[in-house]
file protein.cif (mmCIF, C-alpha atoms and all ligand atoms)
data_entry
loop_
_atom_site.label_atom_id
_atom_site.label_comp_id
_atom_site.auth_asym_id
_atom_site.auth_seq_id
_atom_site.Cartn_x
_atom_site.Cartn_y
_atom_site.Cartn_z
CA MET A 153 85.81 185.39 209.43
CA ALA A 154 85.15 181.87 208.17
CA ARG A 155 86.35 178.60 209.61
CA ILE A 156 89.14 177.11 207.49
CA VAL A 157 90.07 173.42 207.63
CA ILE A 158 93.33 172.13 206.12
CA GLU A 159 93.26 168.35 205.79
CA GLY A 160 95.65 165.57 204.81
CA ALA A 161 98.82 167.66 204.94
CA HIS A 162 102.15 166.99 206.60
CA VAL A 163 102.00 169.31 209.63
CA ALA A 164 105.20 170.61 211.26
CA THR A 165 103.73 171.98 214.48
CA LEU A 166 106.87 173.41 216.18
CA ASP A 167 104.96 172.66 219.42
CA PRO A 168 106.96 171.87 222.60
CA ALA A 169 107.30 168.21 221.52
CA ARG A 170 108.08 169.30 217.93
CA ARG A 171 105.38 166.91 216.71
CA GLU A 172 104.96 166.24 213.01
CA PHE A 173 102.21 164.16 211.46
CA VAL A 174 99.88 163.84 208.49
CA GLY A 175 96.77 165.52 209.76
CA HIS A 176 94.68 168.67 210.05
CA VAL A 177 94.89 172.31 211.08
CA VAL A 178 91.68 174.26 211.74
CA ALA A 179 91.41 178.03 212.05
CA ASP A 180 88.27 179.65 213.43
CA GLY A 181 88.46 183.41 213.11
CA ASN A 182 91.96 184.51 214.05
CA ARG A 183 92.80 181.54 216.31
CA LEU A 184 93.65 177.88 215.72
CA VAL A 185 91.04 175.58 217.25
CA ALA A 186 92.28 172.12 216.23
CA VAL A 187 95.67 170.71 215.21
CA GLY A 188 96.25 166.96 215.14
CA PRO A 189 96.90 163.76 213.22
CA GLY A 190 94.24 162.20 210.98
CA PRO A 191 90.98 163.78 209.80
CA ALA A 192 89.66 167.04 211.24
CA PRO A 193 86.54 167.12 213.43
CA ALA A 194 83.37 167.50 211.35
CA TYR A 195 82.04 171.06 211.01
CA ASP A 196 78.74 172.20 209.49
CA ASP A 197 80.21 175.32 208.08
CA ALA A 198 83.83 175.39 206.98
CA ARG A 199 86.00 175.95 203.97
CA VAL A 200 88.05 172.76 203.47
CA LEU A 201 91.43 172.77 201.76
CA ASP A 202 92.77 169.45 200.49
CA GLY A 203 96.32 169.54 201.84
CA ARG A 204 97.55 166.22 200.46
CA GLY A 205 101.15 166.59 199.32
CA CYS A 206 101.44 169.93 201.16
CA LEU A 207 103.50 170.93 204.18
CA VAL A 208 101.85 173.15 206.81
CA THR A 209 104.13 175.34 208.94
CA PRO A 210 103.59 178.32 211.18
CA GLY A 211 103.74 181.58 209.19
CA PHE A 212 107.31 182.88 209.12
CA VAL A 213 108.51 185.80 211.22
CA ASN A 214 110.86 188.28 209.59
CA THR A 215 113.03 189.91 212.27
CA HIS A 216 114.95 192.51 210.26
CA HIS A 217 114.09 194.60 207.21
CA HIS A 218 114.18 198.11 205.79
CA LEU A 219 111.01 198.19 203.74
CA TYR A 220 111.81 201.57 202.16
CA GLN A 221 114.85 200.10 200.40
CA TRP A 222 112.70 198.31 197.80
CA VAL A 223 112.93 201.47 195.68
CA THR A 224 116.75 201.69 195.97
CA ARG A 225 117.66 198.12 194.98
CA GLY A 226 120.58 197.10 192.82
CA LEU A 227 122.92 199.99 193.61
CA ALA A 228 126.58 199.86 194.75
CA VAL A 229 126.41 196.18 193.85
CA ASP A 230 130.11 195.46 194.42
CA SER A 231 130.75 197.57 197.55
CA THR A 232 131.61 196.98 201.22
CA LEU A 233 129.02 197.95 203.83
CA PHE A 234 130.53 201.36 204.49
CA GLY A 235 131.01 202.04 200.72
CA TRP A 236 127.46 200.87 200.02
CA LEU A 237 126.08 203.07 202.83
CA THR A 238 127.90 206.20 201.69
CA THR A 239 126.56 205.67 198.12
CA LEU A 240 123.02 205.18 199.36
CA TYR A 241 122.66 207.74 202.18
CA PRO A 242 122.22 210.69 199.70
CA VAL A 243 119.54 208.74 197.80
CA TRP A 244 117.76 207.81 201.01
CA ALA A 245 117.81 211.49 201.99
CA ARG A 246 115.15 212.02 199.27
CA ILE A 247 112.57 209.50 200.48
CA THR A 248 109.07 210.76 201.22
CA GLU A 249 105.80 209.43 202.55
CA GLU A 250 104.82 208.41 198.99
CA SER A 251 108.03 206.53 198.18
CA VAL A 252 108.05 204.75 201.56
CA TYR A 253 104.42 203.68 201.04
CA VAL A 254 105.14 202.25 197.57
CA ALA A 255 108.31 200.50 198.76
CA ALA A 256 106.64 199.09 201.88
CA GLN A 257 103.77 197.65 199.85
CA ALA A 258 106.18 195.90 197.50
CA SER A 259 108.46 194.63 200.29
CA LEU A 260 105.55 193.32 202.36
CA ALA A 261 103.93 191.73 199.30
CA GLN A 262 107.16 189.84 198.59
CA LEU A 263 107.40 188.78 202.24
CA ALA A 264 103.83 187.43 202.14
CA LEU A 265 104.53 185.58 198.90
CA THR A 266 107.52 183.91 200.57
CA GLY A 267 105.72 182.68 203.71
CA CYS A 268 105.93 185.63 206.10
CA THR A 269 102.97 186.51 208.32
CA THR A 270 104.74 188.73 210.88
CA ALA A 271 107.21 191.37 209.74
CA ALA A 272 109.46 193.61 211.78
CA ASP A 273 110.79 196.68 210.02
CA HIS A 274 113.67 198.93 211.03
CA HIS A 275 113.07 202.40 209.65
CA TYR A 276 115.78 204.90 210.57
CA VAL A 277 115.87 207.53 207.78
CA PHE A 278 113.57 210.49 208.44
CA PRO A 279 114.55 213.34 206.10
CA ARG A 280 113.22 216.74 207.12
CA GLY A 281 109.97 217.46 205.27
CA GLY A 282 109.52 213.84 204.16
CA GLY A 283 106.10 213.50 205.81
CA ASP A 284 104.84 210.78 208.17
CA LEU A 285 106.96 207.84 207.05
CA LEU A 286 105.95 205.54 209.88
CA ALA A 287 102.25 206.07 209.11
CA ALA A 288 102.98 205.30 205.44
CA GLU A 289 104.48 201.90 206.18
CA ILE A 290 101.84 201.05 208.78
CA THR A 291 99.12 201.77 206.20
CA ALA A 292 100.93 199.50 203.72
CA ALA A 293 101.13 196.67 206.29
CA GLN A 294 97.43 197.00 207.11
CA GLU A 295 96.57 196.84 203.40
CA ILE A 296 98.79 193.85 202.61
CA GLY A 297 97.44 192.21 205.80
CA LEU A 298 100.58 191.21 207.72
CA ARG A 299 101.22 191.43 211.44
CA PHE A 300 103.63 194.33 211.78
CA HIS A 301 106.34 195.35 214.26
CA PRO A 302 107.69 198.66 212.94
CA ALA A 303 110.85 199.79 214.71
CA ARG A 304 111.11 203.57 214.99
CA GLY A 305 114.77 203.99 214.07
CA SER A 306 116.95 207.06 214.25
CA MET A 307 120.35 208.58 213.56
CA ASP A 308 121.74 211.54 215.52
CA ARG A 309 125.46 211.20 214.79
CA GLY A 310 126.23 212.76 211.39
CA GLN A 311 129.57 213.46 209.75
CA LYS A 312 130.12 216.66 211.73
CA ASP A 313 130.07 214.52 214.92
CA GLY A 314 132.37 211.79 213.56
CA GLY A 315 129.54 209.53 212.33
CA LEU A 316 129.11 207.97 208.89
CA PRO A 317 125.80 209.43 207.60
CA PRO A 318 125.60 212.89 206.00
CA ASP A 319 124.20 215.55 208.36
CA SER A 320 121.09 215.93 206.14
CA VAL A 321 119.69 212.55 207.22
CA VAL A 322 120.29 212.80 210.97
CA GLU A 323 117.81 214.19 213.49
CA ASP A 324 118.08 215.97 216.81
CA ARG A 325 118.11 213.63 219.83
CA ASP A 326 115.23 215.29 221.70
CA GLU A 327 113.12 215.28 218.52
CA ILE A 328 113.85 211.58 218.00
CA LEU A 329 112.86 210.62 221.52
CA ALA A 330 109.68 212.72 221.40
CA ALA A 331 108.68 211.32 217.99
CA THR A 332 109.39 207.76 219.13
CA GLU A 333 107.32 208.17 222.28
CA ALA A 334 104.48 209.75 220.29
CA ALA A 335 104.57 206.81 217.84
CA ILE A 336 104.31 204.29 220.70
CA GLU A 337 101.38 206.18 222.22
CA ARG A 338 99.62 206.45 218.87
CA TRP A 339 100.19 202.98 217.43
CA HIS A 340 101.41 200.35 219.90
CA ASP A 341 98.85 197.63 220.66
CA PRO A 342 100.15 195.30 223.42
CA SER A 343 97.19 192.88 223.25
CA PRO A 344 97.81 189.16 222.53
CA ASP A 345 95.97 189.45 219.17
CA SER A 346 97.93 192.55 218.20
CA MET A 347 98.59 193.27 214.52
CA LEU A 348 100.81 196.27 215.37
CA GLN A 349 103.56 196.61 217.97
CA LEU A 350 106.17 199.35 218.05
CA VAL A 351 109.91 198.85 218.66
CA VAL A 352 112.57 201.44 219.59
CA ALA A 353 115.55 201.18 217.26
CA PRO A 354 118.47 203.63 216.96
CA CYS A 355 120.31 202.63 213.78
CA SER A 356 123.85 201.52 214.73
CA PRO A 357 126.85 202.53 216.89
CA PHE A 358 128.45 204.46 214.02
CA SER A 359 125.37 206.58 213.28
CA VAL A 360 123.98 207.15 216.78
CA SER A 361 125.28 208.82 219.96
CA GLY A 362 125.72 206.87 223.19
CA GLU A 363 123.22 209.21 224.87
CA LEU A 364 120.57 208.32 222.30
CA MET A 365 121.25 204.59 222.78
CA ARG A 366 120.90 204.90 226.57
CA GLU A 367 117.83 207.12 226.51
CA SER A 368 116.17 204.92 223.86
CA ALA A 369 116.58 201.89 226.16
CA GLU A 370 115.02 203.83 229.05
CA LEU A 371 112.14 204.97 226.84
CA ALA A 372 111.44 201.45 225.54
CA ARG A 373 111.46 199.97 229.04
CA ARG A 374 109.13 202.66 230.34
CA HIS A 375 106.60 201.58 227.70
CA GLY A 376 107.32 197.84 227.72
CA VAL A 377 108.33 197.71 224.06
CA HIS A 378 111.31 195.93 222.52
CA LEU A 379 114.69 197.32 221.46
CA HIS A 380 116.51 196.72 218.19
CA THR A 381 119.68 197.94 216.46
CA HIS A 382 122.39 196.81 214.04
CA LEU A 383 125.40 195.33 215.83
CA ALA A 384 128.64 193.53 214.98
CA GLU A 385 127.90 193.44 211.25
CA THR A 386 131.41 194.04 209.90
CA THR A 387 135.03 194.06 211.02
CA ASP A 388 135.08 197.77 209.99
CA GLU A 389 132.47 198.39 212.69
CA THR A 390 134.49 196.52 215.33
CA GLU A 391 137.60 198.55 214.44
CA TRP A 392 135.57 201.78 214.49
CA CYS A 393 134.17 200.95 217.95
CA ARG A 394 137.62 200.06 219.31
CA ALA A 395 139.09 203.30 217.93
CA THR A 396 136.16 205.46 219.09
CA TYR A 397 135.10 203.83 222.38
CA GLY A 398 137.98 201.47 223.23
CA CYS A 399 135.73 198.39 223.30
CA THR A 400 133.85 195.97 221.07
CA PRO A 401 130.37 196.80 219.74
CA LEU A 402 128.73 194.42 222.24
CA GLU A 403 130.69 195.78 225.21
CA TYR A 404 129.60 199.25 224.12
CA ALA A 405 125.93 198.19 223.79
CA ASP A 406 126.03 196.39 227.13
CA GLN A 407 127.34 199.50 228.92
CA LEU A 408 124.33 201.41 227.57
CA GLY A 409 121.74 198.90 228.85
CA TRP A 410 121.37 197.08 225.56
CA THR A 411 121.19 193.40 226.52
CA GLY A 412 118.26 191.29 227.72
CA PRO A 413 115.25 189.36 226.43
CA ASP A 414 113.70 192.61 225.17
CA VAL A 415 116.71 193.37 222.92
CA TRP A 416 117.66 191.93 219.55
CA PHE A 417 120.54 192.81 217.26
CA ALA A 418 120.57 192.65 213.48
CA HIS A 419 123.46 190.55 212.08
CA GLY A 420 125.60 189.77 215.16
CA ILE A 421 128.37 188.31 213.03
CA HIS A 422 131.56 189.29 214.84
CA PHE A 423 131.06 188.07 218.43
CA ASP A 424 133.75 186.11 220.29
CA ASP A 425 133.09 183.11 222.57
CA ALA A 426 132.65 185.17 225.74
CA GLU A 427 130.25 187.54 223.97
CA ILE A 428 128.15 184.65 222.67
CA LYS A 429 127.95 183.24 226.20
CA HIS A 430 126.85 186.65 227.49
CA LEU A 431 124.17 186.97 224.79
CA GLY A 432 122.90 183.50 225.71
CA SER A 433 122.78 184.14 229.45
CA THR A 434 120.93 187.43 228.95
CA ARG A 435 118.61 185.87 226.29
CA THR A 436 119.50 188.68 223.91
CA GLY A 437 118.31 187.91 220.38
CA VAL A 438 119.97 188.04 216.97
CA ALA A 439 118.33 188.64 213.58
CA HIS A 440 120.39 186.51 211.22
CA CYS A 441 120.38 187.87 207.64
CA PRO A 442 122.49 185.41 205.65
CA SER A 443 121.75 186.69 202.11
CA SER A 444 122.49 190.31 202.97
CA ASN A 445 125.61 189.35 204.90
CA ALA A 446 126.87 187.37 201.92
CA ARG A 447 125.85 190.10 199.42
CA LEU A 448 127.98 192.63 201.36
CA GLY A 449 130.71 190.08 202.16
CA ALA A 450 130.33 190.87 205.86
CA GLY A 451 130.82 187.30 207.11
CA ILE A 452 128.36 184.82 208.61
CA ALA A 453 127.00 184.75 212.16
CA ARG A 454 127.82 181.81 214.43
CA THR A 455 124.19 180.72 214.51
CA ALA A 456 124.81 177.25 215.99
CA ASP A 457 126.96 178.67 218.81
CA LEU A 458 124.46 181.43 219.55
CA ARG A 459 121.55 178.97 219.70
CA ALA A 460 123.55 176.51 221.82
CA ALA A 461 124.32 179.35 224.25
CA GLY A 462 120.59 180.11 224.58
CA ALA A 463 120.30 183.24 222.44
CA PRO A 464 117.24 183.18 220.18
CA VAL A 465 118.27 183.55 216.53
CA GLY A 466 115.56 184.69 214.11
CA LEU A 467 115.83 185.19 210.36
CA GLY A 468 115.69 188.43 208.43
CA VAL A 469 115.87 189.33 204.77
CA ASP A 470 117.36 192.75 205.69
CA GLY A 471 116.64 195.69 203.39
CA THR A 472 116.37 194.89 199.71
CA ALA A 473 119.13 197.32 198.82
CA SER A 474 121.45 194.58 200.17
CA ASN A 475 119.25 191.55 199.38
CA GLU A 476 117.53 192.25 196.09
CA SER A 477 115.32 189.15 196.29
CA GLY A 478 113.54 190.15 199.53
CA SER A 479 112.43 186.52 199.93
CA LEU A 480 112.09 185.08 203.43
CA ILE A 481 111.93 181.42 202.35
CA GLU A 482 115.37 181.85 200.74
CA GLU A 483 116.79 182.86 204.13
CA LEU A 484 116.05 179.39 205.57
CA ARG A 485 118.09 177.73 202.85
CA HIS A 486 120.89 180.26 203.05
CA ALA A 487 120.97 180.07 206.87
CA LEU A 488 121.43 176.33 206.62
CA LEU A 489 123.94 176.30 203.75
CA PHE A 490 126.11 179.11 205.07
CA ALA A 491 126.10 177.68 208.62
CA ARG A 492 127.41 174.39 207.23
CA ALA A 493 129.89 176.10 204.90
CA ARG A 494 131.22 177.89 207.97
CA GLY A 495 130.86 175.26 210.70
CA GLY A 496 130.70 171.84 209.03
CA PRO A 497 127.90 169.34 208.32
CA GLN A 498 126.52 169.32 211.89
CA ALA A 499 126.33 173.11 212.24
CA LEU A 500 122.58 173.44 211.61
CA THR A 501 119.77 170.96 210.94
CA VAL A 502 116.90 171.57 208.52
CA ARG A 503 114.48 171.66 211.46
CA ALA A 504 116.63 174.20 213.29
CA ALA A 505 116.42 176.43 210.21
CA LEU A 506 112.61 176.16 210.31
CA GLU A 507 112.62 176.90 214.04
CA MET A 508 114.64 180.07 213.47
CA ALA A 509 112.09 181.25 210.89
CA THR A 510 109.14 180.64 213.22
CA LEU A 511 109.46 180.10 216.99
CA ASP A 512 112.74 181.95 217.50
CA GLY A 513 111.45 184.92 215.53
CA ALA A 514 108.32 184.95 217.71
CA ARG A 515 110.47 184.81 220.87
CA ILE A 516 112.58 187.72 219.65
CA LEU A 517 109.49 189.87 219.13
CA GLY A 518 108.01 188.83 222.49
CA ARG A 519 105.12 186.98 220.78
CA ALA A 520 105.97 183.32 221.51
CA ASN A 521 102.81 182.84 223.61
CA ASP A 522 100.69 183.53 220.53
CA LEU A 523 102.89 182.96 217.47
CA GLY A 524 105.57 180.65 216.11
CA SER A 525 103.90 177.22 216.40
CA LEU A 526 100.72 175.45 215.33
CA GLU A 527 98.77 174.67 218.50
CA PRO A 528 95.10 175.12 219.46
CA GLY A 529 94.68 178.57 220.98
CA LYS A 530 97.53 180.18 219.06
CA LEU A 531 96.95 182.84 216.41
CA ALA A 532 96.00 181.57 212.95
CA ASP A 533 99.20 182.52 211.11
CA VAL A 534 99.72 179.54 208.83
CA ALA A 535 101.65 178.71 205.65
CA VAL A 536 100.58 175.82 203.42
CA TRP A 537 103.41 174.91 201.05
CA ASN A 538 102.51 172.96 197.91
CA LEU A 539 105.10 170.22 197.39
CA ASN A 540 103.19 168.59 194.50
CA THR A 541 105.64 170.14 192.05
CA LEU A 542 108.47 169.07 189.76
CA PRO A 543 111.24 170.20 192.16
CA HIS A 544 109.63 168.73 195.30
CA ALA A 545 107.55 165.66 194.43
CA GLY A 546 109.28 162.51 195.65
CA LEU A 547 111.47 164.19 198.26
CA PRO A 548 110.80 161.97 201.29
CA ASP A 549 111.08 164.59 204.06
CA PRO A 550 108.72 167.56 203.53
CA VAL A 551 110.67 169.83 205.92
CA ALA A 552 113.91 169.06 204.08
CA ALA A 553 112.08 169.71 200.79
CA LEU A 554 111.06 173.15 202.10
CA VAL A 555 114.48 174.14 203.45
CA LEU A 556 116.83 172.52 200.93
CA GLY A 557 114.68 172.57 197.81
CA SER A 558 113.68 175.40 195.52
CA PRO A 559 111.15 177.76 197.17
CA PRO A 560 107.78 175.97 196.85
CA PRO A 561 104.56 177.70 195.82
CA LEU A 562 102.21 178.73 198.62
CA ALA A 563 98.86 176.96 198.41
CA LEU A 564 97.60 179.27 201.16
CA LEU A 565 98.92 181.85 203.60
CA LEU A 566 96.74 182.84 206.55
CA ALA A 567 97.65 185.91 208.57
CA ASN A 568 95.44 186.37 211.62
CA GLY A 569 93.04 183.87 210.03
CA ARG A 570 92.71 185.86 206.82
CA PRO A 571 93.84 184.43 203.46
CA VAL A 572 96.57 186.75 202.13
CA VAL A 573 98.09 184.46 199.47
CA GLU A 574 96.38 181.65 197.58
CA HIS A 575 97.94 179.49 194.84
CA ASP A 576 100.97 181.79 194.94
CA VAL A 577 98.86 184.87 194.16
CA LEU A 578 98.62 187.83 196.52
CA LEU A 579 94.95 188.45 197.36
CA THR A 580 95.28 191.83 199.05
CA ALA A 581 96.90 193.89 196.28
CA ASP A 582 97.69 193.62 192.59
CA GLU A 583 101.32 192.54 192.12
CA ALA A 584 101.72 194.11 188.67
CA THR A 585 100.46 197.46 189.96
CA LEU A 586 102.88 197.32 192.90
CA ALA A 587 105.77 196.43 190.57
CA SER A 588 105.20 199.30 188.17
CA ALA A 589 104.73 201.83 190.99
CA ALA A 590 107.99 200.67 192.58
CA ALA A 591 109.88 200.87 189.29
CA ARG A 592 108.61 204.41 188.64
CA THR A 593 109.54 205.50 192.17
CA GLN A 594 113.04 204.02 191.97
CA ALA A 595 113.64 205.73 188.60
CA LEU A 596 112.71 209.10 190.13
CA LEU A 597 114.80 208.62 193.28
CA THR A 598 117.94 207.34 191.60
CA ALA A 599 117.95 209.14 188.23
CA ASP A 600 121.34 210.79 188.87
CA ILE A 601 123.30 207.80 190.15
CA ARG A 602 122.68 205.10 187.55
ZN ZN B 1 119.78 196.29 208.30
#
call {"tool": "encode", "arguments": {"input": "protein.cif", "output": "structure tokens"}}
result
Amino acid sequence: MARIVIEGAHVATLDPARREFVGHVVADGNRLVAVGPGPAPAYDDARVLDGRGCLVTPGFVNTHHHLYQWVTRGLAVDSTLFGWLTTLYPVWARITEESVYVAAQASLAQLALTGCTTAADHHYVFPRGGGDLLAAEITAAQEIGLRFHPARGSMDRGQKDGGLPPDSVVEDRDEILAATEAAIERWHDPSPDSMLQLVVAPCSPFSVSGELMRESAELARRHGVHLHTHLAETTDETEWCRATYGCTPLEYADQLGWTGPDVWFAHGIHFDDAEIKHLGSTRTGVAHCPSSNARLGAGIARTADLRAAGAPVGLGVDGTASNESGSLIEELRHALLFARARGGPQALTVRAALEMATLDGARILGRANDLGSLEPGKLADVAVWNLNTLPHAGLPDPVAALVLGSPPPLALLLANGRPVVEHDVLLTADEATLASAAARTQALLTADIR
């Protein structure tokens, strides 16, 4: 892998001092070897990128997604979460290895094109006879070239047991635990340079039994992998938990061993003050998905309060069936705007939004030693945003231009030192081919519900 030198750019390091300067970033292989103000050291052999007018940030970390949903976008467009889910479950019951592969390629391509270098995915629909869906999305991630944290999801509480999903998409608890353990043994790479780390992720309180939640936590901790689930997304869920278990979703999760620095929840909208304090003191993370939450009218998480309490808050696009754009850069802007719409002008700064997309996401995935900031020795996951454009030129603060302005083009995206996007073009796959494959797959899957 070649040495790559980025010179003359505004660099937002996200290092412990949060330094910013006009300077250089140098990647040698998959690690950063120099980051500092002014010109780069001289190298005999390097590719040099003129970064004048560009902003360099760490590659973004996406902390919640459902890649397979790319081929079920734009359905139940005016529904609540539970209405949307009950429309989509029967469609999702038809997914196969092929459709998941096509959807994952498209979702990951869109993530790369919007600044993401590390993607977590929460896959929880495993229809009988669908093939090896986890292998399909892992292959797609390897091809697109992103660092990947697939979460082996699950549902074992179908309608016959008082759950929301139809019985055809739920699995047996012992099968789930065995398949999850086999996936960890087959795929999980705990090394600092890892491109692939597994996560254990039962879907949500209303689709999963308490036994599966508890045993999943035990399994994850035996293997030293992280835990993820949906929690406190809607008031319907809170009411369902109170009626079913006599407690809030977080109290329920806590009883089952689901808090701690190795746990993160998608959404986390409906927490009260005491719950936020508890999440902070246990360093439990939240994947904030502002576009999806707004699309489904679920509410908006108390991001400022969570961060002030000490809970890491990362950003997530969520599945593209509830966020049709699938763009990670848009989540920074929405996180900031919706936080201020909810909590006033001081609720979130532009730099806090950038921190959520980078360092906090890395903390949530347990990768903060190697990802989330631009420092010598860290992995070479780097986004170079071109601000020499009509919407951005003249904006005095490059970070504000990135967060508040229209999504800028990517001059370069490095994932593990490898160029994945250049001049806003994906280098690792052909976008038009991905688009037509996804459209064909969606037409086949959804022919009877349009
Ligand atoms: Zn989700």
call {"tool": "residues_near_ligand", "arguments": {"input": "protein.cif", "ligand": "ligand ZN 1 (chain B)", "cutoff": "8 Å", "atoms": "all atoms listed in the file", "output": "JSON, numbers by chain"}}
result
{"A": [216, 217, 218, 274, 382, 418, 419, 470, 471]}
call {"tool": "closest_atom_pairs", "arguments": {"input": "protein.cif", "of": "segment 480-550 of chain A", "to": "segment 191-215 of chain A", "cutoff": "10 Å", "atoms": "all atoms listed in the file", "output": "tab-separated table"}}
result
residue	atom	partner	partner_atom	distance
A:Leu480	CA	A:Asn214	CA	7.0
A:Ile481	CA	A:Phe212	CA	8.3
A:Glu483	CA	A:Asn214	CA	9.7
A:Leu506	CA	A:Thr209	CA	8.6
A:Glu507	CA	A:Phe212	CA	9.4
A:Met508	CA	A:Val213	CA	8.7
A:Ala509	CA	A:Phe212	CA	5.4
A:Thr510	CA	A:Phe212	CA	5.0
A:Leu511	CA	A:Val213	CA	8.2
A:Asp512	CA	A:Val213	CA	8.5
A:Gly513	CA	A:Val213	CA	5.3
A:Ala514	CA	A:Val213	CA	6.5
A:Arg515	CA	A:Val213	CA	9.9
A:Ile516	CA	A:Thr215	CA	7.7
A:Leu517	CA	A:Thr215	CA	7.7
A:Leu523	CA	A:Pro210	CA	7.8
A:Gly524	CA	A:Pro210	CA	5.8
A:Ser525	CA	A:Pro210	CA	5.3
A:Leu526	CA	A:Pro210	CA	5.8
A:Glu527	CA	A:Pro210	CA	9.5
A:Leu531	CA	A:Pro210	CA	9.6
A:Ala532	CA	A:Pro210	CA	8.4
A:Asp533	CA	A:Gly211	CA	5.0
A:Val534	CA	A:Gly211	CA	4.5
A:Ala535	CA	A:Gly211	CA	5.0
A:Val536	CA	A:Val208	CA	4.5
A:Trp537	CA	A:Leu207	CA	5.1
A:Asn538	CA	A:Cys206	CA	4.6
A:Leu539	CA	A:Cys206	CA	5.3
A:Asn540	CA	A:Gly205	CA	5.6
A:Thr541	CA	A:Gly205	CA	9.3
A:His544	CA	A:Gly205	CA	9.6
A:Ala545	CA	A:Gly205	CA	8.1
A:Gly546	CA	A:Gly205	CA	9.8
A:Asp549	CA	A:Leu207	CA	9.9
A:Pro550	CA	A:Leu207	CA	6.2
call {"tool": "closest_atom_pairs", "arguments": {"input": "protein.cif", "of": "segment 464-578 of chain A", "to": "segment 227-233 of chain A", "cutoff": "10 Å", "atoms": "all atoms listed in the file", "output": "Markdown table"}}
result
| residue | atom | partner | partner_atom | distance |
| --- | --- | --- | --- | --- |
| A:Ala473 | CA | A:Leu227 | CA | 7.0 |
| A:Ser474 | CA | A:Val229 | CA | 8.2 |
| A:Glu476 | CA | A:Leu227 | CA | 9.8 |
call {"tool": "residues_around", "arguments": {"input": "protein.cif", "residues": "segment 452-460 of chain A", "least_positions_apart": "2", "cutoff": "7 Å", "atoms": "only C-alpha atoms", "output": "MDAnalysis selection string"}}
result
chainID A and resid 419:422 428 432 440 442 445 450 462:465 491 499:500
call {"tool": "residues_near_point", "arguments": {"input": "protein.cif", "point": "(105.3, 208.0, 207.0)", "cutoff": "12 Å", "atoms": "all atoms listed in the file", "output": "PyMOL selection string"}}
result
chain A and resi 219-220+247-256+275-292+302+304+331+335
call {"tool": "atom_distance", "arguments": {"input": "protein.cif", "atom1": "atom CA of Gly478 of chain A", "atom2": "atom CA of Gln262 of chain A"}}
result
6.5 Å
call {"tool": "closest_residue", "arguments": {"input": "protein.cif", "among": "A:Leu556, A:Leu586, A:Leu379, A:Leu240", "to": "Pro317 of chain A", "atoms": "all atoms listed in the file"}}
result
A:Leu240
call {"tool": "closest_residue", "arguments": {"input": "protein.cif", "among": "A:Gly451, A:Arg373, A:Tyr397, A:Ser346", "to": "Ala493 of chain A", "atoms": "all atoms listed in the file"}}
result
A:Gly451
call {"tool": "atom_distance", "arguments": {"input": "protein.cif", "atom1": "atom CA of Arg447 of chain A", "atom2": "atom CA of Leu383 of chain A"}}
result
17.2 Å
call {"tool": "closest_residue", "arguments": {"input": "protein.cif", "among": "A:Asp576, A:Asp414, A:Asp313, A:Glu295", "to": "Met347 of chain A", "atoms": "all atoms listed in the file"}}
result
A:Glu295
call {"tool": "residues_around", "arguments": {"input": "protein.cif", "residues": "Val352 of chain A", "least_positions_apart": "4", "cutoff": "7 Å", "atoms": "only C-alpha atoms", "output": "VMD selection string"}}
result
chain A and resid 303 to 305 368 372 378 to 380
call {"tool": "residues_around", "arguments": {"input": "protein.cif", "residues": "Glu403 of chain A", "least_positions_apart": "3", "cutoff": "12 Å", "atoms": "only C-alpha atoms", "output": "ChimeraX atom specification"}}
result
/A:357,383-384,390,393-394,397-400,406-411,423-424,426-428,430-431
call {"tool": "write_last_selection", "arguments": {"input": "protein.cif", "atoms": "C-alpha atoms", "output": "mmCIF file, in the frame of the given file"}}
result
data_model
loop_
_atom_site.group_PDB
_atom_site.id
_atom_site.type_symbol
_atom_site.label_atom_id
_atom_site.label_comp_id
_atom_site.auth_asym_id
_atom_site.auth_seq_id
_atom_site.Cartn_x
_atom_site.Cartn_y
_atom_site.Cartn_z
ATOM 1 C CA PRO A 357 126.850 202.530 216.890
ATOM 2 C CA LEU A 383 125.400 195.330 215.830
ATOM 3 C CA ALA A 384 128.640 193.530 214.980
ATOM 4 C CA THR A 390 134.490 196.520 215.330
ATOM 5 C CA CYS A 393 134.170 200.950 217.950
ATOM 6 C CA ARG A 394 137.620 200.060 219.310
ATOM 7 C CA TYR A 397 135.100 203.830 222.380
ATOM 8 C CA GLY A 398 137.980 201.470 223.230
ATOM 9 C CA CYS A 399 135.730 198.390 223.300
ATOM 10 C CA THR A 400 133.850 195.970 221.070
ATOM 11 C CA ASP A 406 126.030 196.390 227.130
ATOM 12 C CA GLN A 407 127.340 199.500 228.920
ATOM 13 C CA LEU A 408 124.330 201.410 227.570
ATOM 14 C CA GLY A 409 121.740 198.900 228.850
ATOM 15 C CA TRP A 410 121.370 197.080 225.560
ATOM 16 C CA THR A 411 121.190 193.400 226.520
ATOM 17 C CA PHE A 423 131.060 188.070 218.430
ATOM 18 C CA ASP A 424 133.750 186.110 220.290
ATOM 19 C CA ALA A 426 132.650 185.170 225.740
ATOM 20 C CA GLU A 427 130.250 187.540 223.970
ATOM 21 C CA ILE A 428 128.150 184.650 222.670
ATOM 22 C CA HIS A 430 126.850 186.650 227.490
ATOM 23 C CA LEU A 431 124.170 186.970 224.790
#
call {"tool": "closest_residue", "arguments": {"input": "protein.cif", "among": "A:Pro168, A:Pro342, A:Gly468, A:Gly188", "to": "Gly376 of chain A", "atoms": "only C-alpha atoms"}}
result
A:Pro342
